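Chemist: Just dropping this structure here.
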Amino acid sequence: MPVPTPTPAAPTFTDSNGSGTVARASGKDKSRRIVVAVVACVVVIALIVAGALVWQSRNTKESQIRSQASASSASSNGSSTKSPAKKSKSPSAKSTESTSSDTASRVLDKQVMDAIVDMYNSGSGNAAVSVMTSDNLKSYSSDNASYSMSAAGLYLPPWLAYYDVVGGSPAGGYQSVLSSMDNGKANELIDRDGGMDMLNSWLNAHDYDETRFGHLYGDVNASENGYDNTTSSDDAAKMLTQLITKGEDGLLNYNVASDGVVVPDGATVHAHRGMGVGDAYDYYMVVSNGSKKVVVVVLTEGQAKEQAASLTSNVLKQVWQKMFVSGK
């Protein structure tokens, strides 16, 4: 009989602790282990990649921070020796600001000026004030500035008319008309201009609507009989600007301080003063600081000399402060 071949026993393996034997893993167990190993490898690789990305990101941010800090430090160090550049304004903006500022320094506050003038306007007396720049800008006109009042001391009409009627300046032979308010020479000028009618025609043609001559200079009788010489403070102010244009305002030599008028420190005032006719007390002035000139006219009726001087002082104070000191 044939001898049966014995079936070999399954091999056994000692466990890791040496405590016994375990059976060899089946095929399915091997597959599972391989899958687990692969997954583990993938996870490890993913973790490594993620860590590298995180490290790179942090390193980039730190580099940026260090760069910004360096730039900030450089800027800070530079600012100690160099001021930051100012944002430049457009030429039009600069021009507008300059024009606005210039105009503001050439115009008086009407409320302030009205309050001053109104103190001298009452039932028994009137006052009119005009202020004008040398280029004919009306800086201030009081409520009565366009009304006719006595033209005492106004020697400008025959002088200015001479330029148009005769030609040239009358200063050669008639300088005393302005320098000392010479009545005789002023009347000669009227004759040279063609007489009273011609002088009034000239005034009308040049829009001096409130200025009219009814008598010669010094003719008190004609004045008392109602033949008046009249003007407005606005008209007289405009005549003074024309005298400035001719370069002859320096011929006005009356010292207003002798009447008690307070002239601001630093100011030069070339003036005429009129009084008596029609109970008037008038001042025609060119105020200057040596480089800029402003015309000031003060006409009063029914005011004492002290009142007229007080009003004129207050007006000059405002003109000087606003148009010369603050307007520099």
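Each chain of the structure tokens is named A, B, ... in the order shown, its residues numbered from 1; ligands are numbered from 1 in display order.
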As a ChimeraX atom specification, list the residues of range 121-276 of chain A assigned to alpha helix (DSSP H) by DSSP on the backbone atoms of this structure.
Modeler: /A:156-165,171-174,176-179,183-192,196-205,220-224,233-246
Chemist: Hey, what's within 12 Å of range 260-266 of chain A if we count only C-alpha atoms and toss same-chain stuff fewer than 3 positions away? As a PyMOL selection string, please?
Modeler: chain A and resi 254-257+269-271+273+283+285-291+298+305-321+324-325
Chemist: With the cut-off set at 12 Å and counting only C-alpha atoms, tabulate each residue of range 107-152 of chain A with an atom at most that distance from an atom of range 233-248 of chain A, showing the nearest atom pair and its distance in Å to one decimal, ordered by chain and increasing number, as a tab-separated table.
Modeler:
residue	atom	partner	partner_atom	distance
A:Ala127	CA	A:Ser233	CA	9.5
A:Ala128	CA	A:Ser233	CA	6.2
A:Val129	CA	A:Ser233	CA	6.0
A:Ser130	CA	A:Ser233	CA	5.5
A:Val131	CA	A:Ala237	CA	7.0
A:Met132	CA	A:Ala237	CA	6.5
A:Thr133	CA	A:Thr241	CA	7.5
A:Ser134	CA	A:Thr241	CA	5.2
A:Asp135	CA	A:Thr241	CA	7.0
A:Asn136	CA	A:Thr241	CA	6.5
A:Leu137	CA	A:Lys238	CA	9.5
A:Lys138	CA	A:Asp234	CA	8.7
A:Ser139	CA	A:Ala237	CA	10.8
A:Tyr140	CA	A:Asp234	CA	9.4
A:Ser141	CA	A:Asp234	CA	7.1
A:Ser142	CA	A:Ser233	CA	8.9
A:Asp143	CA	A:Ser233	CA	10.6
A:Asn144	CA	A:Ser233	CA	8.1
A:Ala145	CA	A:Ser233	CA	5.1
A:Ser146	CA	A:Asp234	CA	5.8
A:Tyr147	CA	A:Ser233	CA	7.8
A:Ser148	CA	A:Ser233	CA	8.3
A:Met149	CA	A:Ser233	CA	8.2
A:Ser150	CA	A:Ser233	CA	10.0
A:Ala151	CA	A:Ala236	CA	8.8
A:Ala152	CA	A:Ala236	CA	11.2
Chemist: So that I can see what lies close to range 173-175 of chain A, please list as an MDAnalysis selection string the residues with an atom at most 8 Å from it, counting only C-alpha atoms and leaving out residues fewer than 5 positions away in the same chain.
Modeler: chainID A and resid 185:186 189 251
Chemist: Write the residues of the preceding selection, restricted to C-alpha atoms, as a PDB file, in the first residue's frame.
Modeler:
ATOM      1  CA  LYS A 185      -5.037 182.367  -9.513  1.00  0.00           C
ATOM      2  CA  ALA A 186      -7.923 179.887  -9.348  1.00  0.00           C
ATOM      3  CA  LEU A 189      -7.765 179.382 -14.394  1.00  0.00           C
ATOM      4  CA  LEU A 251       1.047 170.077  -4.378  1.00  0.00           C
TER       5      LEU A 251
END
Chemist: Just to confirm, what's the straight-line distance from CA of Ala280 in chain A to CA of Gly302 in chain A in Å (one decimal)?
Modeler: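 Value for the CA of Ala280 in chain A-CA of Gly302 in chain A distance: 6.5 Å.
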Chemist: Find the distance between CA of Arg106 in chain A and CA of Met323 in chain A and write it in Å to one decimal.
Modeler: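 Between CA of Arg106 in chain A and CA of Met323 in chain A the gap is 5.6 Å.
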Chemist: One number please: CA of Gly125 in chain A to CA of Tyr284 in chain A, in Å, one decimal.
Modeler: 18.9 Å
